[in-house]
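One structure is given below, encoded as structure tokens.
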There are 2 protein chains.
Amino acid sequence: MRCETRLVLALDETSPSKALGLVDEVCGHIDAVKVNWPLVLSAGPEIITTLSLLSDVICDFKVADIPNTDRLIVEGCMELGASAVIVHGFTGEDSLNACLEAAGDGEVYVVTEMSHPGGETFTSKHAEEIAAMALECGAHGIIAPATRPERLAAMRAIIGSTMRMLSPGVGAQGGSAAAAVNAGADHVIVGRSIYQADSPASVARSIAEEISSL
Amino acid sequence: MRCETRLVLALDETSPSKALGLVDEVCGHIDAVKVNWPLVLSAGPEIITTLSLLSDVICDFKVADIPNTDRLIVEGCMELGASAVIVHGFTGEDSLNACLEAAGDGEVYVVTEMSHPGGETFTSKHAEEIAAMALECGAHGIIAPATRPERLAAMRAIIGSTMRMLSPGVGAQGGSAAAAVNAGADHVIVGRSIYQADSPASVARSIAEEISSL
């Protein structure tokens, strides 16, 4: 994934036509578009290929299975045209290595902890271990919540400067793009603030400008 | 899901025609067919609907996201004709509750721990807590590995007699159907031993007979 605007669009839209229209409108202001399973279930996997003609596509599939199944999922994403996948780290090193091998030239980002309330119960307890494992396995980056800038700094201290950090939670969920970038995020992931705006392109441009001015 | 043969076919086949042919052949000997994301990526989500005309379908999607995304994934499965979904428990109570609400009349089975080597690192440490959470939230059952009968018994002691326990790992992975059922499994999940057999229907029938003779 390129690193120009440092903005990733979370495409949490399940209507294929709306999803494509939105990406067509904002693709000049984003480095990538992040899609999830609900869009695949409603639009079919070929939506990944269609979107990949407009933008880099990150399959935010929270891959969390045994190594062989993970391998098949990641290979499927890459064959469809994805540039990157997001996988869970809590399934352990062998699962993560299977994802990395299957990604080939694509990138793998690892979820270290989850930002919703239920994420505190189990995932937060292992975030540091998972970040260290992601570094050791050679993952391309991690996902860490913009809603908790202190966690971004803690994660950056573990992964060092070579791995990327992508931060969801900017905008409607309360996180600030500037705070996330200042805390060490390489890319901010924004959804509702862009796709629910009257002018998605204007909002995307202004967030990209806010980041570039830091 | 019915409880007649107590056998679930793990359909780890990514060719749509082979998948359909296999289910057509063995559907008289199984209670349900379990599908995973690789088949959806290769065949499209409509394969769920097609399979649901032959057998109950369990979407083994290891759902592991924030509550709103989980809800959309589970709703999508149910709209496509699935009877049940398999979700992770480590994403916490709010995510699990979102899955249960979205499932409506469908069933939700919770992964308590994973049987591959990497599953030991993080998931095994929380299996008991996750099983207790699944019980408290009203999940329909849990997934527990047939390769470790002592774990099945430990999980059964937590969830009591009302929740179902589904056990993968029977056959090629080393687990025995009889041992899993004797240790408390309600259903055994079998993949390769059936779909790589010369006569999948014969193998499925003999496993079902082994279970019914216990």
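Ordering of the structure tokens sets the chain letters (A, B, ...); residue numbers start at 1 within each chain; ligands are numbered from 1 in the order shown.
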
Discussion item. Using only C-alpha atoms and a distance of at most 7 Å, pull out the residues of chain B that contact chain A, as a PyMOL selection string.
Written reply: chain B and resi 37-38+41+44-45+62+64-66+72-73+76+90-95+116+118-119+121-123

Fill in: Test item, helix (DSSP H, G or I) assignment across chain B, answer as a PyMOL selection string
chain B and resi 16-29+37-43+46-52+67-80+93-103+117-120+124-137+149-159+177-182+192-195+200-212

Item to complete: Check the DSSP output for the backbone and give back, as a count of residues only, the residues of region 18-177 of chain B in strand (DSSP E).
Response: 32

Worksheet item: Within 8 Å of region 6-8 of chain B, counting only C-alpha atoms, which residues qualify if same-chain residues fewer than 5 places away don't, as number ranges by chain?
Response: B: 29-34, 186-190, 204, 207-208, 211

Include C-alpha atoms and write out the residues we just selected as a compact mmCIF listing (two decimals), in the first residue's frame.
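Ended up saving to result-v8.txt:
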# COMPACT_ATOMS: atom_id res chain seq x y z
CA HIS B 29 -25.79 -39.49 6.51
CA ILE B 30 -25.11 -36.06 8.03
CA ASP B 31 -26.96 -33.59 10.22
CA ALA B 32 -25.31 -30.56 8.62
CA VAL B 33 -22.54 -29.36 6.36
CA LYS B 34 -19.96 -26.90 7.66
CA ASP B 186 -23.03 -34.05 20.67
CA HIS B 187 -21.79 -33.88 17.10
CA VAL B 188 -18.49 -34.85 15.52
CA ILE B 189 -17.18 -32.83 12.60
CA VAL B 190 -15.37 -34.84 9.94
CA ALA B 204 -20.03 -41.11 6.35
CA ILE B 207 -19.05 -43.07 11.14
CA ALA B 208 -22.74 -42.40 11.77
CA ILE B 211 -21.78 -43.13 16.80

Discussion item. What's around Val110 (chain B) at 7 Å? Count only C-alpha atoms, leave out sequence neighbours fewer than 3 positions away in its own chain, and write the answer as a PyMOL selection string.
Written reply: chain B and resi 86-89+134+141-143

Selection from above, all heavy atoms, as a PDB file, in the first residue's frame, can you write it?
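Full text of selection-v8.pdb as output:
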ATOM      1  N   ILE B  86     -20.549 -20.232  13.309  1.00  0.00           N
ATOM      2  CA  ILE B  86     -19.515 -20.440  14.328  1.00  0.00           C
ATOM      3  C   ILE B  86     -18.776 -19.126  14.511  1.00  0.00           C
ATOM      4  O   ILE B  86     -18.310 -18.525  13.537  1.00  0.00           O
ATOM      5  CB  ILE B  86     -18.550 -21.580  13.914  1.00  0.00           C
ATOM      6  CG1 ILE B  86     -19.325 -22.908  13.875  1.00  0.00           C
ATOM      7  CG2 ILE B  86     -17.370 -21.661  14.886  1.00  0.00           C
ATOM      8  CD1 ILE B  86     -18.511 -24.100  13.396  1.00  0.00           C
ATOM      9  N   VAL B  87     -18.695 -18.680  15.760  1.00  0.00           N
ATOM     10  CA  VAL B  87     -18.084 -17.386  16.057  1.00  0.00           C
ATOM     11  C   VAL B  87     -16.996 -17.571  17.111  1.00  0.00           C
ATOM     12  O   VAL B  87     -17.015 -18.534  17.871  1.00  0.00           O
ATOM     13  CB  VAL B  87     -19.147 -16.367  16.558  1.00  0.00           C
ATOM     14  CG1 VAL B  87     -20.346 -16.321  15.614  1.00  0.00           C
ATOM     15  CG2 VAL B  87     -19.622 -16.684  17.974  1.00  0.00           C
ATOM     16  N   HIS B  88     -16.077 -16.632  17.150  1.00  0.00           N
ATOM     17  CA  HIS B  88     -15.064 -16.663  18.202  1.00  0.00           C
ATOM     18  C   HIS B  88     -15.641 -16.073  19.491  1.00  0.00           C
ATOM     19  O   HIS B  88     -16.496 -15.187  19.449  1.00  0.00           O
ATOM     20  CB  HIS B  88     -13.838 -15.862  17.780  1.00  0.00           C
ATOM     21  CG  HIS B  88     -12.801 -16.693  17.092  1.00  0.00           C
ATOM     22  ND1 HIS B  88     -12.142 -17.715  17.727  1.00  0.00           N
ATOM     23  CD2 HIS B  88     -12.313 -16.654  15.831  1.00  0.00           C
ATOM     24  CE1 HIS B  88     -11.280 -18.274  16.880  1.00  0.00           C
ATOM     25  NE2 HIS B  88     -11.369 -17.661  15.725  1.00  0.00           N
ATOM     26  N   GLY B  89     -15.115 -16.550  20.612  1.00  0.00           N
ATOM     27  CA  GLY B  89     -15.530 -16.002  21.892  1.00  0.00           C
ATOM     28  C   GLY B  89     -14.588 -14.936  22.424  1.00  0.00           C
ATOM     29  O   GLY B  89     -14.978 -14.128  23.258  1.00  0.00           O
ATOM     30  N   ALA B 134     -20.163 -18.129  27.038  1.00  0.00           N
ATOM     31  CA  ALA B 134     -21.095 -18.654  26.039  1.00  0.00           C
ATOM     32  C   ALA B 134     -22.378 -19.149  26.703  1.00  0.00           C
ATOM     33  O   ALA B 134     -23.489 -18.916  26.218  1.00  0.00           O
ATOM     34  CB  ALA B 134     -20.430 -19.781  25.238  1.00  0.00           C
ATOM     35  N   GLY B 141     -24.196 -23.550  21.604  1.00  0.00           N
ATOM     36  CA  GLY B 141     -23.197 -24.582  21.823  1.00  0.00           C
ATOM     37  C   GLY B 141     -21.796 -24.032  21.684  1.00  0.00           C
ATOM     38  O   GLY B 141     -21.599 -22.837  21.449  1.00  0.00           O
ATOM     39  N   ILE B 142     -20.844 -24.931  21.845  1.00  0.00           N
ATOM     40  CA  ILE B 142     -19.437 -24.563  21.692  1.00  0.00           C
ATOM     41  C   ILE B 142     -18.749 -25.550  20.756  1.00  0.00           C
ATOM     42  O   ILE B 142     -19.268 -26.633  20.480  1.00  0.00           O
ATOM     43  CB  ILE B 142     -18.696 -24.518  23.047  1.00  0.00           C
ATOM     44  CG1 ILE B 142     -18.653 -25.905  23.696  1.00  0.00           C
ATOM     45  CG2 ILE B 142     -19.324 -23.492  23.987  1.00  0.00           C
ATOM     46  CD1 ILE B 142     -17.707 -25.989  24.885  1.00  0.00           C
ATOM     47  N   ILE B 143     -17.570 -25.147  20.306  1.00  0.00           N
ATOM     48  CA  ILE B 143     -16.724 -25.997  19.476  1.00  0.00           C
ATOM     49  C   ILE B 143     -15.535 -26.392  20.331  1.00  0.00           C
ATOM     50  O   ILE B 143     -14.852 -25.529  20.885  1.00  0.00           O
ATOM     51  CB  ILE B 143     -16.196 -25.219  18.243  1.00  0.00           C
ATOM     52  CG1 ILE B 143     -17.329 -24.489  17.506  1.00  0.00           C
ATOM     53  CG2 ILE B 143     -15.423 -26.139  17.314  1.00  0.00           C
ATOM     54  CD1 ILE B 143     -18.370 -25.368  16.889  1.00  0.00           C
TER      55      ILE B 143
END

Worksheet, complete the sentence: Pairwise distance, CA of Asp24 (chain B) with CA of Ala84 (chain B), equals 19.6 Å

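Residue nearest Gln173 (chain B) within the list B:Ala146, B:Leu20, B:Ala201, B:Ala139: B:Ala146 [criterion: smallest interatomic distance, only C-alpha atoms].
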
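Residue neighbourhood of Leu214 (chain A), excluding near-sequence residues (fewer than 3 positions): Ala178, Asn182, Glu210 and Ile211 of chain A, at 8 Å, using only C-alpha atoms.
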
Output N, CA and C atoms for every residue in the selection just made, as an mmCIF file, in the first residue's frame.
data_model
loop_
_atom_site.group_PDB
_atom_site.id
_atom_site.type_symbol
_atom_site.label_atom_id
_atom_site.label_comp_id
_atom_site.auth_asym_id
_atom_site.auth_seq_id
_atom_site.Cartn_x
_atom_site.Cartn_y
_atom_site.Cartn_z
ATOM 1 N N ALA A 178 -5.239 13.763 13.816
ATOM 2 C CA ALA A 178 -3.990 14.406 14.245
ATOM 3 C C ALA A 178 -3.412 13.695 15.466
ATOM 4 N N ASN A 182 0.113 11.816 15.543
ATOM 5 C CA ASN A 182 1.117 12.280 16.512
ATOM 6 C C ASN A 182 1.535 11.163 17.472
ATOM 7 N N GLU A 210 -5.257 17.668 6.802
ATOM 8 C CA GLU A 210 -4.939 17.778 8.237
ATOM 9 C C GLU A 210 -3.701 16.923 8.561
ATOM 10 N N ILE A 211 -3.663 15.721 7.993
ATOM 11 C CA ILE A 211 -2.524 14.836 8.259
ATOM 12 C C ILE A 211 -1.234 15.402 7.651
#
